[in-house]
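Here the structure comes first, spelled out in structure tokens, and everything after it is commentary.
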Amino acid sequence: KGEEAAEREVLVVGLAGGVLPRFIGRYFGAHVTAVELDPVVCDFAGRYLGFKPSESLSVVTAEGMEYIRGCKDGRWDIAILDVNAQSPDNPLEAPPEEFVTKEALAHLARVTEGGGVAVINMLCSDEALFDTIISRVQDAFHGTVCTLRGIEEDADENCVVFAVNRHDPSWPPPLKVLQERVEKLENAVPQLKQFGLSTRMNDQWRVVTRHRSKKK
């Protein structure tokens, strides 16, 4: 959606220290709205971590899923779920289960309709549950999603899920094209190089179709 980054509207559910919303607002010129349930977290981020709302960065104290339900259709160009379940005994540590039900994902698709992107930071130790959630995301977002997930033996279960809300047979582009775009972004924003994304994509990027998961 939006041809220019300055025109993009980004939703981040889960404030934590405010690093992600600040980073997006600062380096990508988008308007970011961060939604955080706990006012103590908001206060801590502002008091100790230098987080400050601005014209391009808004903070809403609300329950994340309730907020999404109240958004109009196509409200967000990018919607990011970056919130923990706060239940270490649950195999799904992030996001909370209520964010990845069929009903919740239908709302996430609704508020990003028209070509928006949903990004879900998922931490799940149960492979069957992981596959179920991926299938639900596929149902909501036209069948194909992409994941960035460590495959090393000592890697944790963290996975970033990307879903584009449009019917587009050319999406996602080939891995090489994506890597070139990421490298260009890393050169423009040197702080990104510490994460080694362009290199990690060789082993960790997967295109998940209806029938199988594959590199592309």
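By convention here, the chains of the structure tokens are called A, B, ... in the order presented, each chain's residues are numbered starting at 1, and ligands are numbered starting at 1 in the order presented.
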
**Message:** Taking 4 positions as the minimum chain separation for residues in the same chain, which residues sit within 10 Å of segment 50-58 of chain A when counting only C-alpha atoms? Answer as a ChimeraX atom specification.
**Reply:** /A:6,9-11,15,17-19,21-22,24-26,29-35,42-46

Grab the residues selected above and save them as a CSV table (one decimal), in the first residue's frame with N, CA, C and O atoms.
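Heads up, here's the output in again-v1.csv:
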chain,number,residue,atom,x,y,z
A,6,ALA,N,6.6,7.7,3.8
A,6,ALA,CA,6.0,8.7,4.6
A,6,ALA,C,4.5,8.6,4.7
A,6,ALA,O,3.9,9.1,5.6
A,9,GLU,N,1.1,3.8,7.3
A,9,GLU,CA,0.6,3.7,8.6
A,9,GLU,C,1.0,2.3,9.2
A,9,GLU,O,0.6,1.3,8.7
A,10,VAL,N,1.7,2.3,10.3
A,10,VAL,CA,2.2,1.1,10.9
A,10,VAL,C,1.7,0.9,12.3
A,10,VAL,O,1.7,1.8,13.1
A,11,LEU,N,1.1,-0.3,12.6
A,11,LEU,CA,0.6,-0.6,13.9
A,11,LEU,C,1.6,-1.6,14.5
A,11,LEU,O,2.0,-2.6,13.9
A,15,LEU,N,4.5,-2.8,23.2
A,15,LEU,CA,5.5,-1.7,23.2
A,15,LEU,C,6.9,-2.1,23.8
A,15,LEU,O,7.9,-1.7,23.2
A,17,GLY,N,10.2,-1.9,25.4
A,17,GLY,CA,11.0,-0.7,25.6
A,17,GLY,C,10.8,0.4,24.6
A,17,GLY,O,11.4,1.4,24.7
A,18,GLY,N,10.0,0.1,23.6
A,18,GLY,CA,9.7,1.1,22.5
A,18,GLY,C,10.8,1.1,21.4
A,18,GLY,O,10.7,2.0,20.5
A,19,VAL,N,11.7,0.1,21.4
A,19,VAL,CA,12.7,0.1,20.4
A,19,VAL,C,12.2,-0.1,19.0
A,19,VAL,O,12.6,0.7,18.1
A,21,PRO,N,9.0,0.4,17.6
A,21,PRO,CA,8.3,1.6,17.1
A,21,PRO,C,9.2,2.8,16.8
A,21,PRO,O,9.1,3.4,15.8
A,22,ARG,N,10.2,3.0,17.7
A,22,ARG,CA,11.1,4.1,17.4
A,22,ARG,C,11.9,3.9,16.2
A,22,ARG,O,12.2,4.8,15.4
A,24,ILE,N,11.3,2.0,13.5
A,24,ILE,CA,10.5,2.2,12.3
A,24,ILE,C,10.2,3.6,12.0
A,24,ILE,O,10.3,4.1,10.9
A,25,GLY,N,9.8,4.4,13.0
A,25,GLY,CA,9.5,5.8,12.8
A,25,GLY,C,10.7,6.6,12.4
A,25,GLY,O,10.6,7.5,11.5
A,26,ARG,N,11.8,6.3,13.0
A,26,ARG,CA,13.0,7.1,12.7
A,26,ARG,C,13.6,6.8,11.3
A,26,ARG,O,14.0,7.7,10.6
A,29,GLY,N,10.3,6.6,8.2
A,29,GLY,CA,9.5,7.7,7.9
A,29,GLY,C,8.0,7.5,8.0
A,29,GLY,O,7.2,8.3,7.5
A,30,ALA,N,7.6,6.3,8.5
A,30,ALA,CA,6.2,6.0,8.6
A,30,ALA,C,5.6,6.6,9.9
A,30,ALA,O,6.3,6.9,10.8
A,31,HIS,N,4.3,6.7,9.9
A,31,HIS,CA,3.6,7.0,11.2
A,31,HIS,C,3.3,5.7,11.9
A,31,HIS,O,2.7,4.8,11.4
A,32,VAL,N,3.8,5.6,13.2
A,32,VAL,CA,3.7,4.4,13.9
A,32,VAL,C,2.7,4.6,15.1
A,32,VAL,O,2.8,5.6,15.9
A,33,THR,N,1.8,3.7,15.3
A,33,THR,CA,1.0,3.6,16.5
A,33,THR,C,1.3,2.4,17.3
A,33,THR,O,1.2,1.3,16.7
A,34,ALA,N,1.7,2.6,18.5
A,34,ALA,CA,2.1,1.4,19.4
A,34,ALA,C,0.9,1.2,20.3
A,34,ALA,O,0.5,2.2,21.0
A,35,VAL,N,0.5,0.0,20.5
A,35,VAL,CA,-0.6,-0.3,21.4
A,35,VAL,C,0.0,-1.2,22.5
A,35,VAL,O,0.6,-2.2,22.3
A,42,CYS,N,4.4,1.4,29.6
A,42,CYS,CA,4.6,2.7,28.9
A,42,CYS,C,5.4,3.7,29.7
A,42,CYS,O,6.2,4.4,29.2
A,43,ASP,N,5.1,3.7,31.0
A,43,ASP,CA,5.8,4.6,31.9
A,43,ASP,C,7.2,4.3,32.0
A,43,ASP,O,8.1,5.2,32.0
A,44,PHE,N,7.6,3.0,32.1
A,44,PHE,CA,8.9,2.5,32.2
A,44,PHE,C,9.7,2.9,30.9
A,44,PHE,O,10.9,3.4,31.0
A,45,ALA,N,9.1,2.7,29.8
A,45,ALA,CA,9.8,3.0,28.5
A,45,ALA,C,10.1,4.4,28.4
A,45,ALA,O,11.2,4.8,27.9
A,46,GLY,N,9.2,5.3,28.9
A,46,GLY,CA,9.4,6.7,28.8
A,46,GLY,C,10.4,7.2,29.8
A,46,GLY,O,11.3,8.0,29.6

**Request:** Might you pull out every residue within 10 Å of Ile134 of chain A, with only C-alpha atoms counted and same-chain residues fewer than 6 positions away left off, and present them as a list in words?
**Result:**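 My list of contacting residues is Val100, Ala128, Ala140, Gly143, Thr144, Val145, Cys146, Thr147, Val161, Val208, Thr209 and Arg210 of chain A.
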
Since we have the selection now, will you write its residues out, keeping C-alpha atoms, as a CSV table (one decimal), in the first residue's frame?
chain,number,residue,atom,x,y,z
A,100,VAL,CA,-4.0,-16.2,16.4
A,128,ALA,CA,1.7,-29.2,15.6
A,140,ALA,CA,-6.8,-15.3,6.3
A,143,GLY,CA,-2.7,-19.0,1.1
A,144,THR,CA,1.0,-18.2,1.0
A,145,VAL,CA,3.0,-16.9,3.9
A,146,CYS,CA,6.8,-16.5,4.5
A,147,THR,CA,8.7,-17.3,7.7
A,161,VAL,CA,5.8,-14.7,10.0
A,208,VAL,CA,5.0,-21.7,3.1
A,209,THR,CA,2.4,-22.8,0.5
A,210,ARG,CA,-0.7,-24.9,0.9

**Prompt:** Could you state the separation of atom CA of Val40 of chain A and atom CA of Ala94 of chain A in Å, given to one decimal place?
**Reply:**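 These atoms are spaced 19.9 Å apart.
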
**Prompt:** If you count only C-alpha atoms, which residues fall within 8 Å of Met201 of chain A, apart from same-chain ones fewer than 6 positions away, as JSON, numbers by chain?
**Reply:** {"A": [148, 175, 179]}

The selected residues should be written to file as a PDB file, in the first residue's frame (atoms: N, CA and C atoms).
ATOM      1  N   LEU A 148      10.692 -16.559   8.758  1.00  0.00           N
ATOM      2  CA  LEU A 148      12.125 -16.445   9.030  1.00  0.00           C
ATOM      3  C   LEU A 148      12.348 -17.123  10.371  1.00  0.00           C
ATOM      4  N   LEU A 175      14.314 -15.496  -3.587  1.00  0.00           N
ATOM      5  CA  LEU A 175      15.155 -15.206  -2.434  1.00  0.00           C
ATOM      6  C   LEU A 175      16.279 -14.233  -2.775  1.00  0.00           C
ATOM      7  N   GLN A 179      17.091 -10.781  -0.876  1.00  0.00           N
ATOM      8  CA  GLN A 179      18.379 -10.530  -0.235  1.00  0.00           C
ATOM      9  C   GLN A 179      19.002  -9.232  -0.732  1.00  0.00           C
TER      10      GLN A 179
END

**Message:** If you run DSSP on the backbone here, which positions in segment 19-198 of chain A get helix (DSSP H, G or I)? Please write them as a PyMOL selection string.
**Reply:** chain A and resi 19-28+39-48+64-69+97-99+102-111+127-140+175-188+190-195+197-198

Hey, which bits of segment 100-150 of chain A sit within 12 Å of segment 69-72 of chain A, and for each residue what's the closest pair of atoms and how far apart in Å (one decimal), counting only C-alpha atoms, rows by chain and increasing number, as a tab-separated table?
residue	atom	partner	partner_atom	distance
A:Glu103	CA	A:Arg69	CA	9.8
A:Ala104	CA	A:Arg69	CA	8.1
A:Leu105	CA	A:Arg69	CA	10.3
A:Ala106	CA	A:Arg69	CA	9.7
A:His107	CA	A:Arg69	CA	6.1
A:Leu108	CA	A:Arg69	CA	8.2
A:Ala109	CA	A:Arg69	CA	10.8
A:Arg110	CA	A:Lys72	CA	8.1
A:Val111	CA	A:Lys72	CA	6.2
A:Thr112	CA	A:Lys72	CA	9.4
A:Glu113	CA	A:Lys72	CA	10.1

Could you save the residues just selected, with C-alpha atoms, as a short mmCIF file (atom, residue, chain, number, x, y, z; two decimals), in the first residue's frame?
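And here's selection.cif as it stands now:
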data_model
loop_
_atom_site.label_atom_id
_atom_site.label_comp_id
_atom_site.auth_asym_id
_atom_site.auth_seq_id
_atom_site.Cartn_x
_atom_site.Cartn_y
_atom_site.Cartn_z
CA GLU A 103 -11.47 -14.81 14.32
CA ALA A 104 -8.48 -12.71 15.37
CA LEU A 105 -6.57 -13.36 12.16
CA ALA A 106 -9.66 -12.49 10.14
CA HIS A 107 -9.64 -9.08 11.83
CA LEU A 108 -5.90 -8.72 11.22
CA ALA A 109 -6.56 -9.41 7.53
CA ARG A 110 -9.47 -6.99 7.48
CA VAL A 111 -7.46 -4.07 8.87
CA THR A 112 -4.62 -4.69 6.38
CA GLU A 113 -6.81 -5.39 3.35
#

**Distance query Cys124 of chain A at most 10 Å, only C-alpha atoms, self and fewer than 3 positions along chain excluded, as a ChimeraX atom specification** = /A:90-95,121,127-131,133,156-159

How would the residues just chosen look if you wrote them out with N, CA and C atoms as a short mmCIF file (atom, residue, chain, number, x, y, z; two decimals), in the first residue's frame?
data_model
loop_
_atom_site.label_atom_id
_atom_site.label_comp_id
_atom_site.auth_asym_id
_atom_site.auth_seq_id
_atom_site.Cartn_x
_atom_site.Cartn_y
_atom_site.Cartn_z
N ASN A 90 3.17 -22.37 28.67
CA ASN A 90 2.40 -22.55 27.44
C ASN A 90 3.36 -22.73 26.28
N PRO A 91 3.17 -23.74 25.42
CA PRO A 91 4.07 -23.91 24.27
C PRO A 91 4.04 -22.73 23.31
N LEU A 92 2.96 -21.96 23.34
CA LEU A 92 2.88 -20.74 22.54
C LEU A 92 3.19 -19.56 23.46
N GLU A 93 4.46 -19.13 23.46
CA GLU A 93 4.88 -18.04 24.33
C GLU A 93 4.61 -16.67 23.71
N ALA A 94 4.50 -16.62 22.41
CA ALA A 94 4.21 -15.37 21.72
C ALA A 94 3.65 -15.68 20.34
N PRO A 95 2.62 -14.95 19.92
CA PRO A 95 1.83 -14.03 20.74
C PRO A 95 0.82 -14.81 21.59
N ASN A 121 5.44 -12.00 15.32
CA ASN A 121 6.59 -12.57 16.02
C ASN A 121 6.09 -13.72 16.87
N GLU A 127 5.34 -28.15 17.46
CA GLU A 127 5.31 -28.10 16.00
C GLU A 127 3.90 -28.25 15.44
N ALA A 128 3.09 -29.07 16.06
CA ALA A 128 1.73 -29.24 15.58
C ALA A 128 0.93 -27.95 15.74
N LEU A 129 1.10 -27.29 16.87
CA LEU A 129 0.42 -26.01 17.09
C LEU A 129 0.96 -24.95 16.13
N PHE A 130 2.28 -24.95 15.92
CA PHE A 130 2.89 -24.02 14.97
C PHE A 130 2.26 -24.19 13.59
N ASP A 131 2.16 -25.43 13.13
CA ASP A 131 1.59 -25.70 11.81
C ASP A 131 0.13 -25.26 11.74
N ILE A 133 -1.29 -22.81 13.43
CA ILE A 133 -1.34 -21.35 13.35
C ILE A 133 -0.96 -20.87 11.96
N ASP A 156 16.37 -21.19 19.17
CA ASP A 156 15.11 -21.23 19.89
C ASP A 156 13.96 -21.37 18.89
N GLU A 157 12.74 -21.36 19.39
CA GLU A 157 11.59 -21.60 18.52
C GLU A 157 11.03 -20.31 17.93
N ASN A 158 11.77 -19.21 18.06
CA ASN A 158 11.28 -17.93 17.55
C ASN A 158 11.17 -17.95 16.04
N CYS A 159 10.07 -17.42 15.54
CA CYS A 159 9.82 -17.36 14.11
C CYS A 159 9.09 -16.07 13.79
#

**Asked** Nearest to Leu37 of chain A among A:Val189, A:Ile68, A:Val13, A:Leu123, with distances taken over only C-alpha atoms: which residue is it?
**Response**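 For Leu37 of chain A, the nearest of the given residues is A:Val13.
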
**Prompt:** Of the candidates A:Pro39, A:Gly115, A:Gly74, A:Gly196, which shows the shortest atom-to-atom distance to Val59 of chain A, using only C-alpha atoms?
**Reply:** A:Pro39

**Request:** Could you tell me how far atom CA of Glu180 of chain A lies from atom CA of Phe195 of chain A, in Å and to one decimal?
**Result:** 15.5 Å

**Every residue of segment 55-149 of chain A that DSSP places in strand (DSSP E or B), as a PyMOL selection string** = chain A and resi 57-61+78-81+92-94+117-124+145-149

**Item:** Coordinates-based distance that separates atom CA of Pro96 of chain A from atom CA of Val160 of chain A (Å, one decimal)
**Value:**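 If I compute the distance from atom CA of Val160 of chain A to atom CA of Pro96 of chain A, I get 14.7 Å.
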